[in-house]
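start.pdb (PDB, C-alpha atoms) appears below.
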```pdb
ATOM      1  CA  THR A 166      81.793  81.761 100.958
ATOM      2  CA  ASN A 167      83.665  80.524 103.996
ATOM      3  CA  ARG A 168      86.863  80.375 101.969
ATOM      4  CA  ASP A 169      86.631  84.114 101.295
ATOM      5  CA  ALA A 170      86.033  85.117 104.926
ATOM      6  CA  PRO A 171      89.701  84.928 106.052
ATOM      7  CA  VAL A 172      90.805  86.966 103.041
ATOM      8  CA  ARG A 173      88.138  89.631 103.589
ATOM      9  CA  ARG A 174      89.067  89.783 107.277
ATOM     10  CA  ALA A 175      92.770  90.138 106.425
ATOM     11  CA  ILE A 176      92.067  92.967 103.999
ATOM     12  CA  ARG A 177      89.853  94.754 106.531
ATOM     13  CA  ARG A 178      92.562  94.465 109.183
ATOM     14  CA  ALA A 179      95.224  95.743 106.784
ATOM     15  CA  ILE A 180      93.094  98.790 105.998
ATOM     16  CA  GLU A 181      92.551  99.427 109.728
ATOM     17  CA  ASP A 182      96.263  98.982 110.503
ATOM     18  CA  GLU A 183      97.254 101.313 107.685
ATOM     19  CA  ALA A 184      94.865 103.990 108.954
ATOM     20  CA  ARG A 185      96.257 103.593 112.473
ATOM     21  CA  VAL A 186      99.866 103.980 111.286
ATOM     22  CA  ARG A 187      98.855 106.978 109.167
ATOM     23  CA  ALA A 188      97.279 108.668 112.214
ATOM     24  CA  ASP A 189     100.275 107.819 114.433
ATOM     25  CA  LEU A 190     102.705 109.348 111.937
ATOM     26  CA  ALA A 191     100.656 112.523 111.497
ATOM     27  CA  ARG A 192     100.250 112.881 115.275
ATOM     28  CA  ALA A 193     103.996 112.395 115.841
ATOM     29  CA  ARG A 194     104.863 114.951 113.157
ATOM     30  CA  ARG A 195     102.529 117.547 114.604
ATOM     31  CA  GLY A 196     103.619 116.712 118.165
ATOM     32  CA  ALA A 197     107.242 117.310 117.194
ATOM     33  CA  GLY A 198     106.272 120.622 115.609
ATOM     34  CA  LEU A 199     107.614 119.536 112.221
ATOM     35  CA  SER A 200     106.267 120.666 108.876
ATOM     36  CA  ARG A 201     105.551 118.209 106.102
ATOM     37  CA  GLU A 202     108.370 119.779 104.139
ATOM     38  CA  VAL A 203     110.939 119.192 106.911
ATOM     39  CA  VAL A 204     109.794 115.586 107.408
ATOM     40  CA  GLY A 205     109.844 115.031 103.658
ATOM     41  CA  ARG A 206     113.407 116.305 103.373
ATOM     42  CA  ALA A 207     114.560 114.082 106.250
ATOM     43  CA  ALA A 208     112.771 111.037 104.781
ATOM     44  CA  SER A 209     113.798 111.726 101.152
ATOM     45  CA  LEU A 210     110.157 112.358 100.244
ATOM     46  CA  SER A 211     108.437 115.374  98.771
ATOM     47  CA  ARG A 212     106.124 117.481 100.915
ATOM     48  CA  SER A 213     103.216 116.250  98.801
ATOM     49  CA  ALA A 214     104.268 112.609  99.364
ATOM     50  CA  VAL A 215     104.207 113.205 103.131
ATOM     51  CA  GLU A 216     100.760 114.751 102.778
ATOM     52  CA  ARG A 217      99.541 111.764 100.734
ATOM     53  CA  LEU A 218     100.965 109.303 103.280
ATOM     54  CA  GLU A 219      99.149 111.112 106.081
ATOM     55  CA  ARG A 220      95.923 111.275 104.111
ATOM     56  CA  ASP A 221      95.264 108.289 101.879
ATOM     57  CA  ALA A 222      98.166 106.988  99.818
ATOM     58  CA  THR A 223      98.433 103.304  99.106
ATOM     59  CA  LEU A 224     100.720 101.703 101.639
ATOM     60  CA  ASP A 225     104.404 101.778 100.808
ATOM     61  CA  ILE A 226     106.058 100.363 103.894
ATOM     62  CA  GLN A 227     109.457 101.822 102.982
ATOM     63  CA  GLU A 228     108.034 105.347 102.742
ATOM     64  CA  PHE A 229     106.110 104.870 105.988
ATOM     65  CA  ALA A 230     109.312 103.614 107.666
ATOM     66  CA  ALA A 231     111.307 106.620 106.428
ATOM     67  CA  PHE A 232     108.557 109.001 107.566
ATOM     68  CA  GLY A 233     108.461 107.266 110.947
ATOM     69  CA  ALA A 234     112.211 107.535 111.382
ATOM     70  CA  ALA A 235     112.029 111.253 110.639
ATOM     71  CA  VAL A 236     109.499 111.771 113.458
ATOM     72  CA  GLY A 237     111.081 109.337 115.918
ATOM     73  CA  LEU A 238     108.903 106.249 115.326
ATOM     74  CA  ASP A 239     109.749 102.714 114.209
ATOM     75  CA  VAL A 240     107.182 101.513 111.671
ATOM     76  CA  ARG A 241     107.171  97.714 111.628
ATOM     77  CA  LEU A 242     105.165  95.153 109.709
ATOM     78  CA  ARG A 243     104.454  91.737 111.158
ATOM     79  CA  ALA A 244     102.417  88.633 110.321
ATOM     80  CA  TYR A 245     100.508  86.680 112.980
ATOM     81  CA  PRO A 246      98.958  83.197 112.936
ATOM     82  CA  ALA A 247      95.264  83.497 112.066
ATOM     83  CA  GLY A 248      93.955  79.970 111.833
ATOM     84  CA  ASP A 249      94.110  77.365 109.119
ATOM     85  CA  PRO A 250      95.236  78.331 105.638
ATOM     86  CA  ILE A 251      92.868  78.065 102.695
ATOM     87  CA  ARG A 252      93.051  74.573 101.178
ATOM     88  CA  ASP A 253      92.603  73.578  97.570
ATOM     89  CA  ALA A 254      89.572  71.500  96.562
ATOM     90  CA  GLY A 255      91.580  68.245  96.671
ATOM     91  CA  GLN A 256      92.144  68.524 100.403
TER      92      GLN A 256
END
```
Could you show the structure in this file as structure tokens?
Amino acid sequence: TNRDAPVRRAIRRAIEDEARVRADLARARRGAGLSREVVGRAASLSRSAVERLERDATLDIQEFAAFGAAVGLDVRLRAYPAGDPIRDAGQ
């Protein structure tokens, strides 16, 4: 339905944004010549957590931010206006 379209679009964008951040973090780590273990230690994460964040882990913005800081990136989350909100049936 039309009511579902904005939600589906928001979810699709979130998935795309998460993949983009994941790729940026992995690229920055490799570009800095850092191992997953070194980044994990600096970000208070395990090596396997860094690997999961680069690959496919569910978004945890705090872990992404810590990873980013360890490789010299600011990871930020922001909301933008996207049209009218969904209304209840009474409106």
request  = Determine the residue membership of the PyMOL selection byres ((chain A and resi 237-252) around 12) for the file above and supply it as a PyMOL selection string.
outcome  = chain A and resi 166-172+174-175+178-179+182-183+185-187+189-197+199+204+207-208+224-236+253-256
ask   = So how far away is atom CA of Arg212 of chain A from atom CA of Ala188 of chain A, in Å?
value = 16.8 Å
message = Give me the residues near Arg201 of chain A as a list in words, where near means some atom within 9 Å (using all atoms listed in the file) and where sequence neighbours in that chain fewer than 6 positions away do not count.
response =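 Listed by chain and then number, they are Arg194, Ser211, Arg212, Ser213, Ala214, Val215 and Glu216 of chain A.
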Selected residues written out, C-alpha atoms, as a short mmCIF file (atom, residue, chain, number, x, y, z; two decimals), keeping the file's coordinate frame:
```
data_model
loop_
_atom_site.label_atom_id
_atom_site.label_comp_id
_atom_site.auth_asym_id
_atom_site.auth_seq_id
_atom_site.Cartn_x
_atom_site.Cartn_y
_atom_site.Cartn_z
CA ARG A 194 104.86 114.95 113.16
CA SER A 211 108.44 115.37 98.77
CA ARG A 212 106.12 117.48 100.92
CA SER A 213 103.22 116.25 98.80
CA ALA A 214 104.27 112.61 99.36
CA VAL A 215 104.21 113.20 103.13
CA GLU A 216 100.76 114.75 102.78
#
```
inquiry  = I'd like to know which of A:Leu210, A:Gly198, A:Gly205, A:Leu218 is closest to Ala184 of chain A, using only C-alpha atoms.
reply    =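 So, comparing all the options, the nearest one is A:Leu218.
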